[in-house]
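Enquirer: Take a look at this one; I'll ask things after.
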Amino acid sequence: MANRDFFWIDLHYKNEPRLIATGVLPTEDGLLLIDPGPDRALEGLQRGLQRRGFNLDDVSALLLTHIHLDHAGATGTIVARHPAVEVVVHRIGAPHVANPSRLLRSARRIYGDEMDELWGEVAPVPEENITVVRGGETLTRAGRSLEVAYTPGHASHHVSFLDQHTGIAFVGDVAGMRIAEAGYIIPVAPPPDVDVERWFESIDTVAAWEPDQLFLTHCGLSSAPAEHLHRVRRGLKEWCDEVATAISKDYEQTRNDFVDKRL
């Protein structure tokens, strides 16, 4: 297996660049994939691996920052095709990885008839493939060590990983979404699981690692972690202040004002 410290793959979800990315950590025993993405982007993952001289047969583990479908939807499909693959997930998310029926019912309330087009198959993962984490552990896989931190706020089942060799923190949605070309950084705050106070604490948790870089599932590397996290914290606070101010106002006007300010 090629000796590479780290690379990442733009999944070109829905044929668009810089929407969803997967982090890849090679080890002597196989690839560790952080957030494999949805089934609808699985071909993009396969192409990205092939360009680097790998394929899904080389994957030894999937590390899930959380179980939202844009991050983890393809997990069960990958395990079904490659039954030796380990899945690392927070204890709150683990039951929904083993049996995604409740997760899918919740998602359908949001996406309705677009569920299949957006996400594709969401298959269950056998319990024997699942490794449960709580935060505070150090995972060691073939000589590579990763610290695990519980980082709720965006979701109650969210964790982050710090690769001790590269200094890269894999932070899922804790550090929001970044469009590098535009210098655009925003929080990602979907209903119904957002807990703003815990999110601020999770930003502090990641900052305390003093990582060299952040890896964002949306989308790619950020090489100025302290500034990036500061901007996410500031953006999250601004959104909260606007929502608090808007509660007593007309809904349609408030929504339009919120969107117009960001276009």
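Identifiers for the structure tokens are assigned positionally: chains receive A, B, ... in sequence, residues are indexed from 1 per chain, and ligands are indexed from 1 in the order shown.
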Could you pull out all residues of segment 20-252 of chain A with a DSSP call of strand (DSSP E) and give them as an mmCIF file with N, CA and C atoms, in the first residue's frame?

Expert:
```
data_model
loop_
_atom_site.group_PDB
_atom_site.id
_atom_site.type_symbol
_atom_site.label_atom_id
_atom_site.label_comp_id
_atom_site.auth_asym_id
_atom_site.auth_seq_id
_atom_site.Cartn_x
_atom_site.Cartn_y
_atom_site.Cartn_z
ATOM 1 N N ALA A 21 -16.941 16.113 1.278
ATOM 2 C CA ALA A 21 -15.610 15.531 1.132
ATOM 3 C C ALA A 21 -15.412 14.417 2.153
ATOM 4 N N THR A 22 -14.540 13.486 1.811
ATOM 5 C CA THR A 22 -14.155 12.392 2.704
ATOM 6 C C THR A 22 -12.666 12.493 2.994
ATOM 7 N N GLY A 23 -12.282 12.435 4.273
ATOM 8 C CA GLY A 23 -10.886 12.396 4.652
ATOM 9 C C GLY A 23 -10.374 10.967 4.631
ATOM 10 N N VAL A 24 -9.111 10.786 4.233
ATOM 11 C CA VAL A 24 -8.537 9.443 4.112
ATOM 12 C C VAL A 24 -7.188 9.389 4.830
ATOM 13 N N LEU A 25 -7.077 8.467 5.768
ATOM 14 C CA LEU A 25 -5.833 8.230 6.489
ATOM 15 C C LEU A 25 -5.347 6.816 6.163
ATOM 16 N N PRO A 26 -4.287 6.669 5.389
ATOM 17 C CA PRO A 26 -3.755 5.335 5.092
ATOM 18 C C PRO A 26 -3.007 4.753 6.286
ATOM 19 N N THR A 27 -3.158 3.461 6.478
ATOM 20 C CA THR A 27 -2.363 2.724 7.453
ATOM 21 C C THR A 27 -1.866 1.444 6.779
ATOM 22 N N GLY A 30 -4.820 -0.824 6.101
ATOM 23 C CA GLY A 30 -5.936 -0.356 5.292
ATOM 24 C C GLY A 30 -6.220 1.115 5.499
ATOM 25 N N LEU A 31 -7.197 1.613 4.759
ATOM 26 C CA LEU A 31 -7.556 3.025 4.802
ATOM 27 C C LEU A 31 -8.591 3.291 5.891
ATOM 28 N N LEU A 32 -8.409 4.400 6.609
ATOM 29 C CA LEU A 32 -9.435 4.915 7.499
ATOM 30 C C LEU A 32 -10.132 6.055 6.770
ATOM 31 N N LEU A 33 -11.428 5.927 6.567
ATOM 32 C CA LEU A 33 -12.203 6.973 5.901
ATOM 33 C C LEU A 33 -13.002 7.730 6.946
ATOM 34 N N ILE A 34 -12.874 9.049 6.955
ATOM 35 C CA ILE A 34 -13.666 9.869 7.859
ATOM 36 C C ILE A 34 -14.828 10.456 7.072
ATOM 37 N N VAL A 59 -10.275 -0.370 2.257
ATOM 38 C CA VAL A 59 -10.794 0.326 3.441
ATOM 39 C C VAL A 59 -10.875 -0.639 4.617
ATOM 40 N N SER A 60 -10.318 -0.233 5.750
ATOM 41 C CA SER A 60 -10.421 -1.055 6.956
ATOM 42 C C SER A 60 -11.442 -0.502 7.946
ATOM 43 N N ALA A 61 -11.676 0.828 7.933
ATOM 44 C CA ALA A 61 -12.607 1.405 8.914
ATOM 45 C C ALA A 61 -13.223 2.692 8.388
ATOM 46 N N LEU A 62 -14.452 2.916 8.808
ATOM 47 C CA LEU A 62 -15.166 4.166 8.571
ATOM 48 C C LEU A 62 -15.315 4.866 9.910
ATOM 49 N N LEU A 63 -14.809 6.079 10.009
ATOM 50 C CA LEU A 63 -14.934 6.882 11.227
ATOM 51 C C LEU A 63 -15.991 7.947 10.982
ATOM 52 N N GLU A 86 -14.776 -1.935 9.712
ATOM 53 C CA GLU A 86 -15.189 -1.470 11.040
ATOM 54 C C GLU A 86 -15.863 -0.109 10.917
ATOM 55 N N VAL A 87 -16.862 0.146 11.743
ATOM 56 C CA VAL A 87 -17.546 1.438 11.774
ATOM 57 C C VAL A 87 -17.425 2.012 13.182
ATOM 58 N N VAL A 88 -16.797 3.178 13.297
ATOM 59 C CA VAL A 88 -16.614 3.857 14.579
ATOM 60 C C VAL A 88 -17.638 4.986 14.670
ATOM 61 N N VAL A 89 -18.444 4.982 15.725
ATOM 62 C CA VAL A 89 -19.541 5.952 15.838
ATOM 63 C C VAL A 89 -19.842 6.190 17.309
ATOM 64 N N HIS A 90 -20.356 7.392 17.619
ATOM 65 C CA HIS A 90 -20.718 7.708 19.000
ATOM 66 C C HIS A 90 -21.853 6.811 19.475
ATOM 67 N N ILE A 130 -19.622 -2.614 14.494
ATOM 68 C CA ILE A 130 -19.688 -1.288 15.099
ATOM 69 C C ILE A 130 -18.783 -1.204 16.327
ATOM 70 N N THR A 131 -17.949 -0.168 16.332
ATOM 71 C CA THR A 131 -17.162 0.186 17.514
ATOM 72 C C THR A 131 -17.738 1.471 18.095
ATOM 73 N N VAL A 132 -18.174 1.427 19.336
ATOM 74 C CA VAL A 132 -18.827 2.568 19.984
ATOM 75 C C VAL A 132 -17.791 3.409 20.724
ATOM 76 N N VAL A 133 -17.868 4.720 20.537
ATOM 77 C CA VAL A 133 -17.026 5.643 21.302
ATOM 78 C C VAL A 133 -17.919 6.620 22.052
ATOM 79 N N THR A 138 -8.539 7.164 22.854
ATOM 80 C CA THR A 138 -7.551 7.237 21.788
ATOM 81 C C THR A 138 -7.661 5.958 20.980
ATOM 82 N N LEU A 139 -7.980 6.103 19.707
ATOM 83 C CA LEU A 139 -8.053 4.959 18.807
ATOM 84 C C LEU A 139 -6.666 4.711 18.227
ATOM 85 N N THR A 140 -6.227 3.473 18.242
ATOM 86 C CA THR A 140 -4.963 3.107 17.623
ATOM 87 C C THR A 140 -5.244 2.055 16.562
ATOM 88 N N ARG A 141 -4.921 2.388 15.328
ATOM 89 C CA ARG A 141 -5.133 1.476 14.217
ATOM 90 C C ARG A 141 -3.854 1.398 13.396
ATOM 91 N N ARG A 144 -1.350 4.164 13.827
ATOM 92 C CA ARG A 144 -1.877 5.529 13.755
ATOM 93 C C ARG A 144 -2.813 5.764 14.927
ATOM 94 N N SER A 145 -2.590 6.850 15.671
ATOM 95 C CA SER A 145 -3.394 7.146 16.857
ATOM 96 C C SER A 145 -4.250 8.379 16.625
ATOM 97 N N LEU A 146 -5.507 8.261 17.014
ATOM 98 C CA LEU A 146 -6.442 9.369 16.892
ATOM 99 C C LEU A 146 -7.146 9.583 18.217
ATOM 100 N N GLU A 147 -7.095 10.829 18.696
ATOM 101 C CA GLU A 147 -7.873 11.193 19.869
ATOM 102 C C GLU A 147 -9.333 11.406 19.461
ATOM 103 N N VAL A 148 -10.239 11.027 20.344
ATOM 104 C CA VAL A 148 -11.668 11.188 20.109
ATOM 105 C C VAL A 148 -12.226 12.164 21.129
ATOM 106 N N ALA A 149 -12.990 13.135 20.664
ATOM 107 C CA ALA A 149 -13.652 14.086 21.560
ATOM 108 C C ALA A 149 -15.147 14.094 21.266
ATOM 109 N N TYR A 150 -15.936 14.132 22.308
ATOM 110 C CA TYR A 150 -17.376 14.299 22.145
ATOM 111 C C TYR A 150 -17.646 15.769 21.875
ATOM 112 N N VAL A 159 -18.935 13.469 17.175
ATOM 113 C CA VAL A 159 -17.583 13.384 17.720
ATOM 114 C C VAL A 159 -16.606 13.970 16.714
ATOM 115 N N SER A 160 -15.422 14.316 17.194
ATOM 116 C CA SER A 160 -14.332 14.784 16.341
ATOM 117 C C SER A 160 -13.107 13.916 16.621
ATOM 118 N N PHE A 161 -12.218 13.870 15.640
ATOM 119 C CA PHE A 161 -11.019 13.040 15.735
ATOM 120 C C PHE A 161 -9.786 13.899 15.471
ATOM 121 N N LEU A 162 -8.754 13.718 16.275
ATOM 122 C CA LEU A 162 -7.475 14.386 16.050
ATOM 123 C C LEU A 162 -6.430 13.338 15.709
ATOM 124 N N ASP A 163 -5.887 13.409 14.490
ATOM 125 C CA ASP A 163 -4.815 12.504 14.087
ATOM 126 C C ASP A 163 -3.498 13.036 14.648
ATOM 127 N N ILE A 168 -4.048 16.956 12.136
ATOM 128 C CA ILE A 168 -5.316 17.346 11.522
ATOM 129 C C ILE A 168 -6.474 16.934 12.425
ATOM 130 N N ALA A 169 -7.384 17.865 12.688
ATOM 131 C CA ALA A 169 -8.611 17.572 13.421
ATOM 132 C C ALA A 169 -9.748 17.402 12.424
ATOM 133 N N PHE A 170 -10.402 16.264 12.502
ATOM 134 C CA PHE A 170 -11.541 15.958 11.631
ATOM 135 C C PHE A 170 -12.795 16.311 12.405
ATOM 136 N N MET A 177 -19.262 25.104 7.519
ATOM 137 C CA MET A 177 -19.003 24.885 6.090
ATOM 138 C C MET A 177 -18.111 26.006 5.585
ATOM 139 N N ARG A 178 -17.150 25.640 4.739
ATOM 140 C CA ARG A 178 -16.211 26.619 4.200
ATOM 141 C C ARG A 178 -16.165 26.511 2.688
ATOM 142 N N ILE A 179 -16.349 27.634 2.026
ATOM 143 C CA ILE A 179 -16.132 27.715 0.582
ATOM 144 C C ILE A 179 -14.848 28.509 0.404
ATOM 145 N N TYR A 184 -15.672 31.996 2.521
ATOM 146 C CA TYR A 184 -16.996 31.953 3.131
ATOM 147 C C TYR A 184 -17.030 30.849 4.186
ATOM 148 N N ILE A 185 -17.318 31.190 5.436
ATOM 149 C CA ILE A 185 -17.420 30.224 6.520
ATOM 150 C C ILE A 185 -18.730 30.474 7.255
ATOM 151 N N ILE A 186 -19.571 29.432 7.347
ATOM 152 C CA ILE A 186 -20.848 29.583 8.044
ATOM 153 C C ILE A 186 -21.105 28.357 8.917
ATOM 154 N N GLN A 213 -4.343 21.776 11.354
ATOM 155 C CA GLN A 213 -5.343 22.029 10.328
ATOM 156 C C GLN A 213 -6.673 21.420 10.772
ATOM 157 N N LEU A 214 -7.737 21.927 10.182
ATOM 158 C CA LEU A 214 -9.056 21.326 10.350
ATOM 159 C C LEU A 214 -9.445 20.657 9.040
ATOM 160 N N PHE A 215 -10.098 19.510 9.156
ATOM 161 C CA PHE A 215 -10.707 18.925 7.965
ATOM 162 C C PHE A 215 -12.212 18.990 8.114
ATOM 163 N N LEU A 216 -12.850 19.640 7.143
ATOM 164 C CA LEU A 216 -14.289 19.852 7.148
ATOM 165 C C LEU A 216 -14.935 18.945 6.107
ATOM 166 N N GLY A 220 -13.202 20.265 2.910
ATOM 167 C CA GLY A 220 -11.756 20.221 2.749
ATOM 168 C C GLY A 220 -10.998 20.797 3.928
ATOM 169 N N LEU A 221 -9.733 21.114 3.671
ATOM 170 C CA LEU A 221 -8.821 21.550 4.730
ATOM 171 C C LEU A 221 -8.914 23.046 4.987
ATOM 172 N N SER A 222 -8.805 23.405 6.268
ATOM 173 C CA SER A 222 -8.652 24.794 6.682
ATOM 174 C C SER A 222 -7.331 24.893 7.427
#
```

Enquirer: Which polymer residues have any atom within 10 Å of an atom of His12 of chain A, counting only C-alpha atoms, with same-chain residues fewer than 3 positions away left out, as a PyMOL selection string?

Expert: chain A and resi 9+15-21+41-45+48

Enquirer: For the residues selected in the previous step, produce a file with N, CA and C atoms as a JSON list (two decimals), in the first residue's frame.

Expert:
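And here is the file that came out, selection-v1.json:
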```json
[["chain", "number", "residue", "atom", "x", "y", "z"],
["A", 9, "ILE", "N", -10.89, 13.47, -0.53],
["A", 9, "ILE", "CA", -11.59, 13.27, -1.80],
["A", 9, "ILE", "C", -12.81, 14.16, -1.85],
["A", 15, "ASN", "N", -22.80, 16.07, -8.77],
["A", 15, "ASN", "CA", -21.92, 16.63, -9.82],
["A", 15, "ASN", "C", -21.47, 18.06, -9.52],
["A", 16, "GLU", "N", -21.48, 18.42, -8.26],
["A", 16, "GLU", "CA", -21.03, 19.75, -7.86],
["A", 16, "GLU", "C", -19.76, 19.62, -7.01],
["A", 17, "PRO", "N", -18.76, 20.47, -7.25],
["A", 17, "PRO", "CA", -17.55, 20.42, -6.42],
["A", 17, "PRO", "C", -17.77, 21.12, -5.08],
["A", 18, "ARG", "N", -16.93, 20.72, -4.10],
["A", 18, "ARG", "CA", -16.84, 21.41, -2.81],
["A", 18, "ARG", "C", -18.14, 21.43, -2.03],
["A", 19, "LEU", "N", -18.88, 20.31, -2.09],
["A", 19, "LEU", "CA", -20.06, 20.18, -1.24],
["A", 19, "LEU", "C", -19.83, 19.17, -0.12],
["A", 20, "ILE", "N", -19.33, 17.99, -0.47],
["A", 20, "ILE", "CA", -19.08, 16.94, 0.51],
["A", 20, "ILE", "C", -17.71, 16.32, 0.23],
["A", 21, "ALA", "N", -16.94, 16.11, 1.28],
["A", 21, "ALA", "CA", -15.61, 15.53, 1.13],
["A", 21, "ALA", "C", -15.41, 14.42, 2.15],
["A", 41, "ALA", "N", -23.30, 9.61, -3.50],
["A", 41, "ALA", "CA", -21.96, 10.08, -3.86],
["A", 41, "ALA", "C", -20.93, 8.96, -3.80],
["A", 42, "LEU", "N", -21.39, 7.71, -3.71],
["A", 42, "LEU", "CA", -20.46, 6.60, -3.56],
["A", 42, "LEU", "C", -19.57, 6.43, -4.78],
["A", 43, "GLU", "N", -20.11, 6.67, -5.96],
["A", 43, "GLU", "CA", -19.28, 6.57, -7.17],
["A", 43, "GLU", "C", -18.17, 7.61, -7.14],
["A", 44, "GLY", "N", -18.46, 8.80, -6.64],
["A", 44, "GLY", "CA", -17.43, 9.82, -6.51],
["A", 44, "GLY", "C", -16.34, 9.41, -5.54],
["A", 45, "LEU", "N", -16.72, 8.74, -4.46],
["A", 45, "LEU", "CA", -15.73, 8.22, -3.51],
["A", 45, "LEU", "C", -14.86, 7.17, -4.18],
["A", 48, "GLY", "N", -12.44, 8.78, -6.58],
["A", 48, "GLY", "CA", -11.38, 9.48, -5.88],
["A", 48, "GLY", "C", -10.34, 8.53, -5.32]]
```

Enquirer: Taking into account only C-alpha atoms, which residue in the set A:Thr151, A:Ser223, A:Ser156, A:Gln164 is nearest to Glu201 of chain A?

Expert: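 Ranked by minimum distance to Glu201 of chain A, first place goes to A:Thr151.
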
Enquirer: Between atom CA of His82 of chain A and atom CA of Gly143 of chain A, what is the distance, to one decimal in Å?

Expert: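 Distance reported for this atom pair: 22.5 Å.
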
Enquirer: Could you pull out all residues of segment 18-91 of chain A with a DSSP call of helix (DSSP H, G or I) and give them as a list in words?

Expert: Asp39, Arg40, Ala41, Leu42, Glu43, Gly44, Leu45, Gln46, Arg47, Gly48, Leu49, Gln50, Arg51, Leu56, Asp57, Asp58, Leu69, Asp70, His71, Ala72, Thr75, Gly76, Thr77, Ile78, Val79, Ala80 and Arg81 of chain A

Enquirer: Could you write out the selected residues, including N, CA and C atoms, as a JSON list (two decimals), in the first residue's frame?

Expert:
```
[["chain", "number", "residue", "atom", "x", "y", "z"],
["A", 39, "ASP", "N", -24.87, 7.51, -0.07],
["A", 39, "ASP", "CA", -24.86, 6.52, -1.14],
["A", 39, "ASP", "C", -24.86, 7.19, -2.52],
["A", 40, "ARG", "N", -25.55, 8.30, -2.65],
["A", 40, "ARG", "CA", -25.63, 8.99, -3.96],
["A", 40, "ARG", "C", -24.27, 9.55, -4.40],
["A", 41, "ALA", "N", -23.30, 9.61, -3.50],
["A", 41, "ALA", "CA", -21.96, 10.08, -3.86],
["A", 41, "ALA", "C", -20.93, 8.96, -3.80],
["A", 42, "LEU", "N", -21.39, 7.71, -3.71],
["A", 42, "LEU", "CA", -20.46, 6.60, -3.56],
["A", 42, "LEU", "C", -19.57, 6.43, -4.78],
["A", 43, "GLU", "N", -20.11, 6.67, -5.96],
["A", 43, "GLU", "CA", -19.28, 6.57, -7.17],
["A", 43, "GLU", "C", -18.17, 7.61, -7.14],
["A", 44, "GLY", "N", -18.46, 8.80, -6.64],
["A", 44, "GLY", "CA", -17.43, 9.82, -6.51],
["A", 44, "GLY", "C", -16.34, 9.41, -5.54],
["A", 45, "LEU", "N", -16.72, 8.74, -4.46],
["A", 45, "LEU", "CA", -15.73, 8.22, -3.51],
["A", 45, "LEU", "C", -14.86, 7.17, -4.18],
["A", 46, "GLN", "N", -15.49, 6.26, -4.91],
["A", 46, "GLN", "CA", -14.72, 5.22, -5.59],
["A", 46, "GLN", "C", -13.76, 5.81, -6.60],
["A", 47, "ARG", "N", -14.22, 6.77, -7.39],
["A", 47, "ARG", "CA", -13.33, 7.40, -8.38],
["A", 47, "ARG", "C", -12.16, 8.09, -7.70],
["A", 48, "GLY", "N", -12.44, 8.78, -6.58],
["A", 48, "GLY", "CA", -11.38, 9.48, -5.88],
["A", 48, "GLY", "C", -10.34, 8.53, -5.32],
["A", 49, "LEU", "N", -10.79, 7.40, -4.80],
["A", 49, "LEU", "CA", -9.84, 6.40, -4.32],
["A", 49, "LEU", "C", -9.01, 5.83, -5.47],
["A", 50, "GLN", "N", -9.66, 5.55, -6.57],
["A", 50, "GLN", "CA", -8.94, 4.98, -7.71],
["A", 50, "GLN", "C", -7.87, 5.91, -8.25],
["A", 51, "ARG", "N", -8.15, 7.20, -8.22],
["A", 51, "ARG", "CA", -7.14, 8.16, -8.69],
["A", 51, "ARG", "C", -5.88, 8.12, -7.83],
["A", 56, "LEU", "N", -12.30, 0.48, -2.69],
["A", 56, "LEU", "CA", -13.00, 0.22, -1.43],
["A", 56, "LEU", "C", -12.54, -1.06, -0.75],
["A", 57, "ASP", "N", -11.91, -1.97, -1.51],
["A", 57, "ASP", "CA", -11.35, -3.17, -0.88],
["A", 57, "ASP", "C", -10.23, -2.82, 0.10],
["A", 58, "ASP", "N", -9.63, -1.65, -0.06],
["A", 58, "ASP", "CA", -8.52, -1.24, 0.79],
["A", 58, "ASP", "C", -8.98, -0.59, 2.09],
["A", 69, "LEU", "N", -27.14, 11.93, 7.05],
["A", 69, "LEU", "CA", -27.02, 11.17, 5.82],
["A", 69, "LEU", "C", -25.96, 11.72, 4.86],
["A", 70, "ASP", "N", -25.71, 13.02, 4.91],
["A", 70, "ASP", "CA", -24.69, 13.58, 4.02],
["A", 70, "ASP", "C", -23.29, 13.16, 4.46],
["A", 71, "HIS", "N", -23.14, 12.75, 5.71],
["A", 71, "HIS", "CA", -21.85, 12.31, 6.24],
["A", 71, "HIS", "C", -21.71, 10.79, 6.24],
["A", 72, "ALA", "N", -22.78, 10.09, 6.53],
["A", 72, "ALA", "CA", -22.67, 8.67, 6.85],
["A", 72, "ALA", "C", -23.65, 7.78, 6.10],
["A", 75, "THR", "N", -22.63, 4.28, 4.69],
["A", 75, "THR", "CA", -21.92, 3.36, 5.58],
["A", 75, "THR", "C", -22.40, 1.92, 5.43],
["A", 76, "GLY", "N", -23.69, 1.70, 5.54],
["A", 76, "GLY", "CA", -24.22, 0.35, 5.45],
["A", 76, "GLY", "C", -23.98, -0.30, 4.10],
["A", 77, "THR", "N", -24.08, 0.48, 3.04],
["A", 77, "THR", "CA", -23.82, -0.05, 1.70],
["A", 77, "THR", "C", -22.39, -0.52, 1.57],
["A", 78, "ILE", "N", -21.45, 0.28, 2.09],
["A", 78, "ILE", "CA", -20.04, -0.09, 2.03],
["A", 78, "ILE", "C", -19.78, -1.36, 2.82],
["A", 79, "VAL", "N", -20.35, -1.45, 4.03],
["A", 79, "VAL", "CA", -20.13, -2.64, 4.86],
["A", 79, "VAL", "C", -20.76, -3.88, 4.23],
["A", 80, "ALA", "N", -21.91, -3.73, 3.59],
["A", 80, "ALA", "CA", -22.55, -4.87, 2.94],
["A", 80, "ALA", "C", -21.66, -5.44, 1.83],
["A", 81, "ARG", "N", -20.94, -4.56, 1.14],
["A", 81, "ARG", "CA", -20.06, -5.01, 0.06],
["A", 81, "ARG", "C", -18.70, -5.46, 0.58]]
```

Enquirer: For segment 232-245 of chain A, work out the shell of residues within 12 Å, counting only C-alpha atoms and skipping chain neighbours fewer than 5 positions away, then give it as a VMD selection string.

Expert: chain A and resid 153 to 154 173 to 178 184 to 189 194 to 204 206 to 207 225 to 227 250 to 251 254 to 255 257 to 259 261 to 262
